[in-house]
file final10.txt (compact mmCIF, C-alpha atoms and all ligand atoms)
# COMPACT_ATOMS: atom_id res chain seq x y z
CA MET A 1 32.35 -4.69 -31.25
CA LEU A 2 31.39 -7.99 -29.65
CA PRO A 3 29.30 -10.40 -31.69
CA ARG A 4 25.61 -9.80 -31.32
CA ARG A 5 23.46 -12.03 -29.17
CA ARG A 6 19.78 -12.70 -28.86
CA CYS A 7 17.83 -11.68 -25.75
CA PRO A 8 16.17 -14.81 -24.30
CA PHE A 9 13.09 -12.81 -23.25
CA CYS A 10 12.17 -10.43 -26.06
CA ARG A 11 14.15 -12.28 -28.78
CA ARG A 12 15.74 -9.01 -29.99
CA TRP A 13 19.35 -8.95 -31.15
CA PHE A 14 21.80 -6.89 -29.13
CA HIS A 15 25.53 -6.19 -28.87
CA PRO A 16 26.79 -6.89 -25.32
CA HIS A 17 28.33 -3.96 -23.46
CA PRO A 18 32.15 -4.03 -23.90
CA ARG A 19 32.74 -4.21 -20.14
CA LEU A 20 30.09 -6.87 -19.46
CA LYS A 21 31.03 -8.98 -22.48
CA GLN A 22 29.60 -12.51 -22.34
CA ARG A 23 28.15 -12.01 -18.86
CA GLN A 24 25.39 -9.80 -20.28
CA LYS A 25 22.35 -12.01 -20.57
CA THR A 26 19.64 -9.62 -21.78
CA CYS A 27 19.19 -6.77 -24.21
CA GLY A 28 19.15 -4.34 -21.25
CA ARG A 29 15.50 -3.26 -21.40
CA ALA A 30 14.02 -2.89 -17.92
CA ASP A 31 11.42 -5.58 -18.48
CA CYS A 32 14.00 -8.12 -19.69
CA CYS A 33 16.38 -7.27 -16.80
CA ARG A 34 13.54 -7.82 -14.32
CA LYS A 35 12.74 -11.21 -15.88
CA GLN A 36 16.42 -12.18 -15.82
CA LYS A 37 16.71 -11.17 -12.14
CA LYS A 38 13.60 -13.18 -11.29
CA ARG A 39 14.93 -16.19 -13.13
CA SER A 40 18.37 -15.99 -11.47
CA ASN A 41 16.75 -15.59 -8.03
CA GLN A 42 14.63 -18.68 -8.66
CA GLN A 43 17.75 -20.54 -9.78
CA TRP A 44 19.61 -19.47 -6.63
CA ARG A 45 16.74 -20.62 -4.39
CA THR A 46 16.69 -24.00 -6.17
CA ASP A 47 20.43 -24.32 -5.65
CA HIS A 48 20.17 -23.33 -1.95
CA PRO A 49 16.85 -24.78 -0.73
CA ASP A 50 17.81 -24.67 2.97
CA TYR A 51 19.03 -21.07 3.05
CA PHE A 52 15.76 -19.42 4.21
CA ARG A 53 14.47 -22.41 6.12
CA ASP A 54 14.13 -22.09 9.91
CA THR A 55 14.72 -18.33 9.84
CA TYR A 56 11.54 -17.65 11.80
CA ALA A 57 12.24 -20.51 14.24
CA HIS A 58 15.72 -19.09 14.80
CA GLN A 59 14.36 -15.55 15.38
CA LYS A 60 11.65 -16.92 17.65
CA GLU A 61 14.33 -18.56 19.75
CA ILE A 62 16.13 -15.24 20.18
CA TYR A 63 13.26 -12.71 20.37
CA GLY A 64 10.28 -14.87 21.32
CA THR A 65 7.00 -14.68 19.43
CA ARG A 66 5.81 -11.47 17.79
CA ALA A 67 3.49 -10.83 20.78
CA ASP A 68 6.38 -11.34 23.23
CA TYR A 69 8.52 -8.92 21.28
CA LYS A 70 5.73 -6.30 21.15
CA ARG A 71 5.04 -6.63 24.88
CA ARG A 72 8.71 -6.24 25.75
CA TYR A 73 9.04 -3.27 23.37
CA ARG A 74 6.07 -1.55 25.03
CA GLU A 75 7.56 -2.13 28.46
CA GLN A 76 10.86 -0.62 27.39
CA HIS A 77 9.39 2.32 25.42
CA PRO A 78 6.75 4.15 27.50
CA ASP A 79 7.00 7.16 25.16
CA TYR A 80 5.89 4.99 22.26
CA VAL A 81 2.92 3.68 24.28
CA ARG A 82 1.85 7.23 25.16
CA ARG A 83 2.21 8.49 21.59
CA ASN A 84 0.30 5.51 20.22
CA ALA A 85 -2.48 5.87 22.79
CA ALA A 86 -2.90 9.53 21.77
CA PHE A 87 -3.02 8.55 18.12
CA VAL A 88 -5.62 5.85 18.74
CA ARG A 89 -7.74 8.26 20.81
CA LYS A 90 -7.66 10.81 18.00
CA TRP A 91 -8.46 8.14 15.39
CA ARG A 92 -11.45 6.85 17.39
CA LEU A 93 -12.75 10.40 17.82
CA ARG A 94 -12.53 11.00 14.10
CA LEU A 95 -14.30 7.69 13.47
CA ARG A 96 -17.12 8.73 15.80
CA SER A 97 -17.53 12.14 14.19
CA THR A 98 -18.14 10.78 10.68
CA PRO A 99 -21.22 12.42 9.20
CA VAL A 100 -24.63 10.86 8.94
CA SER A 101 -25.32 9.07 5.71
CA PRO A 102 -27.24 11.02 3.05
CA THR A 103 -30.06 8.47 3.28
CA SER A 104 -30.32 8.74 7.07
CA PRO A 105 -33.75 9.74 8.46
CA ASP A 106 -31.87 11.85 11.05
CA LEU A 107 -30.84 14.37 8.40
CA HIS A 108 -32.28 17.82 9.15
CA VAL A 109 -32.03 20.77 6.83
CA THR A 110 -32.64 24.28 8.13
CA ILE A 111 -33.60 26.77 5.46
CA GLU A 112 -33.72 30.45 6.17
CA SER A 113 -36.02 31.60 3.44
CA GLU A 114 -39.14 33.69 3.07
CA ARG A 115 -40.43 31.38 0.42
CA ALA A 116 -42.87 28.74 1.54
CA SER A 117 -42.20 26.11 -1.08
CA LEU A 118 -38.84 24.97 -2.37
CA ARG A 119 -37.87 22.16 -4.64
CA ILE A 120 -34.85 19.91 -4.00
CA ALA A 121 -33.03 19.93 -7.30
CA GLN A 122 -29.98 17.88 -6.46
CA VAL A 123 -28.44 16.07 -3.51
CA SER A 124 -24.81 15.01 -3.54
CA HIS A 125 -22.32 14.11 -0.87
CA THR A 126 -18.69 13.53 -0.08
CA SER A 127 -17.52 11.45 2.87
CA ARG A 128 -17.80 14.55 5.08
CA ASP A 129 -20.44 16.90 3.65
CA ILE A 130 -23.87 16.68 2.08
CA PHE A 131 -24.84 19.23 -0.59
CA VAL A 132 -28.47 20.06 -1.31
CA THR A 133 -29.38 22.33 -4.20
CA LEU A 134 -32.75 24.06 -3.76
CA PHE A 135 -34.91 25.89 -6.28
CA PRO A 136 -38.13 27.81 -5.85
CA ALA A 137 -41.03 25.53 -6.62
ZN ZN A 201 15.13 -8.20 -24.19

call {"tool": "encode", "arguments": {"input": "final10.txt", "output": "structure tokens", "more": "lines below"}}
Ligand SMILES: [Zn+2]
result
Amino acid sequence: MLPRRRCPFCRRWFHPHPRLKQRQKTCGRADCCRKQKKRSNQQWRTDHPDYFRDTYAHQKEIYGTRADYKRRYREQHPDYVRRNAAFVRKWRLRLRSTPVSPTSPDLHVTIESERASLRIAQVSHTSRDIFVTLFPA
């Protein structure tokens, strides 16, 4: 068994895995592994500061701006445009058909009852329906 080491994050002692040996940096708990990965990524970015620089500029040179790319994509994919238009139409229709708010003065309740006087006991609502509980007065 390899000599035990201390995890730099949780400070617990651990025995490194026989295959990983001295390369194992943490105790192996998910939280410590995540911290180790974050730290090594930060270290790598400090060591290679220019690696991600100018990526967007380079892509822009090849594909144009995002708007250019979208416009070209729409020109080349009429099926996508049709499908998307149908989706948007459906979405707008659903938006328009949202129910009136429970506090709206336009709310009408039709009651088919022989009784002349009723008492509203409770009013509740979901995003789609309004529930009114009535009791005889
Ligand atoms: Zn740990």

call {"tool": "residues_near_ligand", "arguments": {"input": "final10.txt", "ligand": "ligand ZN 201 (chain A)", "cutoff": "12 Å", "atoms": "only C-alpha atoms and all ligand atoms", "output": "count of residues only"}}
result
25

call {"tool": "atom_distance", "arguments": {"input": "final10.txt", "atom1": "CA of Asn84 in chain A", "atom2": "CA of Lys70 in chain A"}}
result
13.0 Å

call {"tool": "atom_distance", "arguments": {"input": "final10.txt", "atom1": "CA of Gln76 in chain A", "atom2": "CA of Val88 in chain A"}}
result
19.7 Å

call {"tool": "residues_around", "arguments": {"input": "final10.txt", "residues": "Val132 in chain A", "least_positions_apart": "6", "cutoff": "9 Å", "atoms": "only C-alpha atoms", "output": "MDAnalysis selection string"}}
result
chainID A and resid 109 120:125

call {"tool": "atom_distance", "arguments": {"input": "final10.txt", "atom1": "CA of Pro3 in chain A", "atom2": "CA of Gln22 in chain A"}}
result
9.6 Å

call {"tool": "closest_atom_pairs", "arguments": {"input": "final10.txt", "of": "range 51-104 of chain A", "to": "range 40-45 of chain A", "cutoff": "12 Å", "atoms": "all atoms listed in the file", "output": "tab-separated table"}}
result
residue	atom	partner	partner_atom	distance
A:Tyr51	CA	A:Arg45	CA	7.8
A:Phe52	CA	A:Arg45	CA	8.7
A:Arg53	CA	A:Arg45	CA	10.9
